[in-house]
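Read through the structure below, which is laid out as structure tokens, and then see the notes.
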Amino acid sequence: MAARLPSWAWVTGLTAGATAAVVALAVQADHGPHPTAAVAKPGATASAGAHASATPKPSAPPALPAGSGEGRRIVYSLGEKRVWLVDATGKVIRTFTVWPGTVSPQPGRYSIIASRQSLKGSDGVEIEHVMYITRVQGVNVAFSNALDGSSPPPAGGQKLGGIRMHKEDGAALWSFGDQGIKVMIVT
């Protein structure tokens, strides 16, 4: 009568065999041919665009609007829904998109008239880095960011003057601007 092998021996043997097969295939694949990608050189041929790199180049942010003032300032474009932070030499040190409320000020020169570290916005969202610009139709217009980082669309029918931004942008604006800093609002 032949001796029977325990089941653990069979499982161990099969696992060792499978591992050996996988290692053998991996070694074999490593020694095989490897595909190469053609790299296009800019301006090399007219068809170079067909072989362009798969890595997209980041697009440059929109330029600071012409006629947006001089010196250290915050520039807010109503049409582009974008803010630029500009140093005293006129160099843009940061730009970012924003989500405006339903009430916007007219284009012109303003300044930060007051600020609050945090509070509950008129839409019920907890906000921080609140920097007031003006009042329009009895509504405060101010830059801010939601504490939780969200930016919900303004509730239908409400008059809201919050110009919301991402949390990191709100912190940057808070650090950059203080009471009295110029705010140029352009179309």
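Just remember, in the structure tokens the first chain shown is A, the second B, etc., residues are 1-based per chain, and ligands are 1-based in the order shown.
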
Please provide the set of residues having any atom within 9 Å of Ser122 (chain A), restricted to only C-alpha atoms, with same-chain residues fewer than 2 positions apart removed, written as an MDAnalysis selection string. chainID A and resid 120 124:125 159:162

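Distances to Gly67 (chain A) were evaluated for A:Val186, A:Ala114, A:Gly149, A:Gly177 using only C-alpha atoms, and the minimum falls at A:Val186.
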
Give me the residues within 6 Å of region 81-84 of chain A as number ranges by chain, counting only C-alpha atoms and dropping any in the same chain fewer than 3 places off. A: 74-78, 94-98

Compare A:Val141, A:Val136, A:Ile112, A:Leu85 by their minimum atom-to-atom distance to Arg164 (chain A), counting only C-alpha atoms, and give me the closest one. A:Val141

Residue with the minimum atom-to-atom distance to His129 (chain A), picked from A:Ile185, A:Ala88, A:Ala60, A:Met165 with only C-alpha atoms counted, is A:Met165
